[in-house]
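Enquirer: Below are the structure tokens for one structure; questions will follow.
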Amino acid sequence: MSVVQAKGSVATASKCMKEYCRLLFISVSVFMVLDSSIGISSVLLTFHVGTNNNLQALVADFEVSEGIYSLARIEDADSVCLWLGANVMLEYSCDEAKDLLQKNLENARASLDVLIADLQFLRDQVTVTQVTIARVYNWDVHQRRVRQSPSVGKDS
């Protein structure tokens with residue numbers, strides 16, 4: 001390997017490292033979204049939908065307007081409204097809502113498992129790339145010292 005090849009190898013490995021870091025950033029963002037989604041779904045399934053398939057009595061503190069909050073007591077409801085995102089809210093029966101939340105929770109947990117495996121793979125790739133860059137850099141430093149030492153010895 002020549003010095004030019006070493007510099008090219010370090011540049012290529014550095015590009016790979018930047019891509020791995022970008023993927024890690026995206027994956028961690030997705031991880032945080034999935035983790036919060038699992039938490040929200042779990043809370044909704046645990047506290048809001050009762051065993052008798054009706055909404056349990058619930059005291060909710062909600063924001064009416066910016067800085068203005070109100071308390072509401074929700075009792076004996078036959079249906080619930082779920083915010084699906086993208087400015088979409090749908091009304092479901094308690095059974096349908098519980099099934100939908102359970103399915104979403106299972107999907108989020110499965111996605112989280114896959115994401116954790118991907119993060120572990122990326123962590124391993126980052127480690128391998130860092131070691132490769134260090135080894136090529138150290139080899140280049142060693143080659144420079146070898147080239148300089150004979151010229152120093154001849155002058156003496």
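The way I read the labels, and the way they are meant: chains A, B, ... in the order of the structure tokens, residue 1 as the first residue of every chain, and ligand 1 as the first ligand shown, with later ones counted on from there.
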Counting only C-alpha atoms, what is within 9 Å of segment 128-133 of chain A, bar same-chain residues fewer than 5 positions away, as a list in words?

Expert: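 Surrounding residues, per the criterion: Ser9, Val10, Ala11, Ala13, Ser14, Cys16, Met17, Arg123 and Asn138 of chain A.
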
Enquirer: Would you please work out which residue, of A:Ala72, A:Leu34, A:Ala86, A:Ser42, is nearest to Leu101 of chain A when using only C-alpha atoms?

Expert: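 Between A:Ala72, A:Leu34, A:Ala86, A:Ser42, the residue approaching Leu101 of chain A most closely is A:Ser42.
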
Enquirer: Atom CA of Gln125 of chain A to atom CA of Ala6 of chain A: how many Å, to one decimal?

Expert: 19.7 Å

Enquirer: Compare A:Glu106, A:Thr12, A:Val80, A:Leu112 by their minimum atom-to-atom distance to Asp35 of chain A, counting only C-alpha atoms, and give me the closest one.

Expert: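 That would be A:Leu112, the residue with the smallest distance to Asp35 of chain A.
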
Enquirer: Using backbone DSSP assignments, extract all strand (DSSP E) residues from chain A; output them as a PyMOL selection string.

Expert: chain A and resi 58-65+68-74+79-85+88-93

Enquirer: Enumerate, as JSON, numbers by chain, the complete set of residues in segment 7-145 of chain A that a backbone-based DSSP assignment places in alpha helix (DSSP H).

Expert: {"A": [7, 8, 9, 10, 11, 12, 13, 14, 15, 16, 17, 18, 19, 20, 21, 22, 23, 24, 25, 26, 27, 28, 29, 30, 31, 32, 33, 34, 35, 36, 37, 38, 39, 40, 41, 42, 43, 94, 95, 96, 97, 98, 99, 100, 101, 102, 103, 104, 105, 106, 107, 108, 109, 110, 111, 112, 113, 114, 115, 116, 117, 118, 119, 120, 121, 122, 123, 124, 125, 126, 127, 128, 129, 130, 131, 132, 133, 134, 135, 136, 137, 138, 139, 140, 141, 142, 143, 144, 145]}

Enquirer: Find the spatial neighbours of Ser37 of chain A, counting only C-alpha atoms, within a cut-off of 10 Å - ignore same-chain residues fewer than 6 positions away - and output them as a list of chain:residue names.

Expert: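 Residues meeting the cut-off are A:Phe31, A:Val43, A:Asn104, A:Leu105, A:Ala108, A:Arg109.
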